[in-house]
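Asker: The structure follows.
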Amino acid sequence: MALLKEAREDKKGAAQSWKAAAAISDDDVEGEGLFRAIGLWKSGQTGEAEKWFKEFERLNPRRQQDNSVEVRTQAFTLAGLYAAFRKDTNGPKENFEKALEADPTNVFARQGEAWLEAGLLKALPIAEP
């Protein structure tokens, strides 16, 4: 919701949505943790967010090499979103494509690619690596 609210220039609504994302308890690298960490960052809790990002940067490349198609697909999808957050101009598209190579039917990878094509991920970047 936060991305849609930012695209509509609803700053107050977006801030509320990012705070809600920051409040979720799932901080796993393979779960909703990326959205929680971005919510933390956007809510001003950058130190806690950066700790999570460092762990993600350490673990996610290994997940991209996993034998499980599901794990690889999710790892590349999350890497695409993370790349958009970090202002990487090529990373989002490349990672969504790799996710869809692994599993062309993956809804989350397709959603990430659609968000990218619709320009919704332009609201995401705020932090450089």
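Quick note on naming: the chains in the structure tokens go A, B, ... in the order shown, residues restart at 1 in each chain, and ligands are numbered from 1 in order of appearance.
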Which residues are near region 104-118 of chain A? Cut-off 9 Å, only C-alpha atoms, ignore same chain within fewer than 3 positions. Put them as a PDB file with N, CA and C atoms, in the first residue's frame.

Answerer:
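Contents of the output file part-v9.pdb:
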ATOM      1  N   GLU A  70      11.931 -22.527  -5.746  1.00  0.00           N
ATOM      2  CA  GLU A  70      11.148 -21.574  -4.955  1.00  0.00           C
ATOM      3  C   GLU A  70      12.053 -20.611  -4.186  1.00  0.00           C
ATOM      4  N   THR A  73      13.850 -18.268  -6.709  1.00  0.00           N
ATOM      5  CA  THR A  73      12.914 -17.289  -7.261  1.00  0.00           C
ATOM      6  C   THR A  73      12.646 -16.179  -6.254  1.00  0.00           C
ATOM      7  N   GLN A  74      12.397 -16.551  -5.024  1.00  0.00           N
ATOM      8  CA  GLN A  74      12.137 -15.549  -3.994  1.00  0.00           C
ATOM      9  C   GLN A  74      13.376 -14.684  -3.751  1.00  0.00           C
ATOM     10  N   PHE A  76      15.766 -13.863  -5.872  1.00  0.00           N
ATOM     11  CA  PHE A  76      15.938 -12.905  -6.963  1.00  0.00           C
ATOM     12  C   PHE A  76      14.858 -11.816  -6.934  1.00  0.00           C
ATOM     13  N   THR A  77      13.643 -12.195  -6.560  1.00  0.00           N
ATOM     14  CA  THR A  77      12.572 -11.202  -6.459  1.00  0.00           C
ATOM     15  C   THR A  77      12.899 -10.174  -5.385  1.00  0.00           C
ATOM     16  N   LEU A  78      13.303 -10.646  -4.216  1.00  0.00           N
ATOM     17  CA  LEU A  78      13.676  -9.726  -3.139  1.00  0.00           C
ATOM     18  C   LEU A  78      14.894  -8.888  -3.525  1.00  0.00           C
ATOM     19  N   GLY A  80      15.583  -7.858  -6.480  1.00  0.00           N
ATOM     20  CA  GLY A  80      15.086  -6.819  -7.374  1.00  0.00           C
ATOM     21  C   GLY A  80      14.492  -5.648  -6.604  1.00  0.00           C
ATOM     22  N   LEU A  81      13.713  -5.945  -5.589  1.00  0.00           N
ATOM     23  CA  LEU A  81      13.129  -4.882  -4.764  1.00  0.00           C
ATOM     24  C   LEU A  81      14.210  -4.138  -3.992  1.00  0.00           C
ATOM     25  N   ALA A  84      16.067  -1.743  -6.184  1.00  0.00           N
ATOM     26  CA  ALA A  84      15.308  -0.510  -6.407  1.00  0.00           C
ATOM     27  C   ALA A  84      15.465   0.417  -5.207  1.00  0.00           C
ATOM     28  N   PRO A  92      16.974  -4.037 -10.488  1.00  0.00           N
ATOM     29  CA  PRO A  92      15.598  -4.531 -10.381  1.00  0.00           C
ATOM     30  C   PRO A  92      15.186  -5.388 -11.580  1.00  0.00           C
ATOM     31  N   LYS A  93      15.358  -4.879 -12.765  1.00  0.00           N
ATOM     32  CA  LYS A  93      14.949  -5.609 -13.973  1.00  0.00           C
ATOM     33  C   LYS A  93      15.715  -6.923 -14.106  1.00  0.00           C
ATOM     34  N   ASN A  95      17.151  -8.759 -11.802  1.00  0.00           N
ATOM     35  CA  ASN A  95      16.759  -9.744 -10.788  1.00  0.00           C
ATOM     36  C   ASN A  95      15.360 -10.288 -11.009  1.00  0.00           C
ATOM     37  N   PHE A  96      14.413  -9.440 -11.427  1.00  0.00           N
ATOM     38  CA  PHE A  96      13.068  -9.943 -11.725  1.00  0.00           C
ATOM     39  C   PHE A  96      13.122 -10.912 -12.902  1.00  0.00           C
ATOM     40  N   GLU A  97      13.956 -10.618 -13.901  1.00  0.00           N
ATOM     41  CA  GLU A  97      14.109 -11.536 -15.034  1.00  0.00           C
ATOM     42  C   GLU A  97      14.687 -12.872 -14.600  1.00  0.00           C
ATOM     43  N   ALA A  99      14.422 -14.186 -11.634  1.00  0.00           N
ATOM     44  CA  ALA A  99      13.367 -14.863 -10.868  1.00  0.00           C
ATOM     45  C   ALA A  99      12.387 -15.544 -11.814  1.00  0.00           C
ATOM     46  N   LEU A 100      12.021 -14.857 -12.888  1.00  0.00           N
ATOM     47  CA  LEU A 100      11.061 -15.427 -13.832  1.00  0.00           C
ATOM     48  C   LEU A 100      11.679 -16.502 -14.718  1.00  0.00           C
ATOM     49  N   GLU A 101      12.998 -16.467 -14.895  1.00  0.00           N
ATOM     50  CA  GLU A 101      13.677 -17.579 -15.578  1.00  0.00           C
ATOM     51  C   GLU A 101      13.564 -18.837 -14.730  1.00  0.00           C
ATOM     52  N   LEU A 121       8.087   1.574  -8.385  1.00  0.00           N
ATOM     53  CA  LEU A 121       9.304   1.410  -7.590  1.00  0.00           C
ATOM     54  C   LEU A 121      10.127   2.691  -7.537  1.00  0.00           C
ATOM     55  N   LYS A 122       9.733   3.697  -8.305  1.00  0.00           N
ATOM     56  CA  LYS A 122      10.424   4.984  -8.231  1.00  0.00           C
ATOM     57  C   LYS A 122      10.247   5.624  -6.860  1.00  0.00           C
TER      58      LYS A 122
END

Asker: Mind checking which residues fall within 6 Å of Ala22 (chain A), counting only C-alpha atoms, ignoring those fewer than 3 positions away in the same chain, and posting them as a list in words?

Answerer: Lys19, Arg36, Gly39 and Leu40 of chain A

Asker: Excluding Lys11 (chain A) and any residue of its chain fewer than 5 positions from it, enumerate the residues within 12 Å of it, using only C-alpha atoms, and give them as a ChimeraX atom specification.

Answerer: /A:1-6,16-18,42,123

Asker: Pull C-alpha atoms from the residues just selected and write them as a PDB file, in the first residue's frame.

Answerer:
ATOM      1  CA  MET A   1       0.000   0.000   0.000  1.00  0.00           C
ATOM      2  CA  ALA A   2       2.815   2.416   0.792  1.00  0.00           C
ATOM      3  CA  LEU A   3       4.087   2.365  -2.802  1.00  0.00           C
ATOM      4  CA  LEU A   4       0.625   3.123  -4.161  1.00  0.00           C
ATOM      5  CA  LYS A   5       0.149   5.934  -1.672  1.00  0.00           C
ATOM      6  CA  GLU A   6       3.512   7.416  -2.576  1.00  0.00           C
ATOM      7  CA  GLN A  16       1.365   5.470   7.980  1.00  0.00           C
ATOM      8  CA  SER A  17       1.776   2.439   5.715  1.00  0.00           C
ATOM      9  CA  TRP A  18       5.572   2.429   6.150  1.00  0.00           C
ATOM     10  CA  LYS A  42      11.316   5.205   5.844  1.00  0.00           C
ATOM     11  CA  ALA A 123       8.918   5.814  -4.828  1.00  0.00           C
TER      12      ALA A 123
END

Asker: Using only C-alpha atoms, which residue out of A:Glu30, A:Asp103, A:Asp10, A:Glu50 lies closest to Arg63 (chain A)?

Answerer: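 Going through A:Glu30, A:Asp103, A:Asp10, A:Glu50 one by one, the smallest distance to Arg63 (chain A) is for A:Glu30.
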
Asker: Tell me, as a list in words, which residues lie within 12 Å of Ala49 (chain A), counting only C-alpha atoms; anything in the same chain fewer than 6 positions away does not count.

Answerer: Ala21, Ala22, Asp27, Gly33, Leu34, Phe35, Arg36, Ala37, Ile38, Gly39, Leu40, Trp41, Lys42, Ser43, Glu55, Phe56 and Ala127 of chain A

Asker: Taking into account only C-alpha atoms, which residue in the set A:Arg86, A:Lys51, A:Arg72, A:Arg58 is nearest to Leu124 (chain A)?

Answerer: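 The answer is A:Arg86, which sits nearest to Leu124 (chain A).
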
Asker: Just asking: which residues within region 41-114 of chain A are helix (DSSP H, G or I) according to DSSP, as JSON, numbers by chain?

Answerer: {"A": [41, 42, 46, 47, 48, 49, 50, 51, 52, 53, 54, 55, 56, 57, 58, 59, 60, 61, 62, 63, 69, 70, 71, 72, 73, 74, 75, 76, 77, 78, 79, 80, 81, 82, 83, 84, 85, 91, 92, 93, 94, 95, 96, 97, 98, 99, 100, 101, 102, 107, 108, 109, 110, 111, 112, 113, 114]}
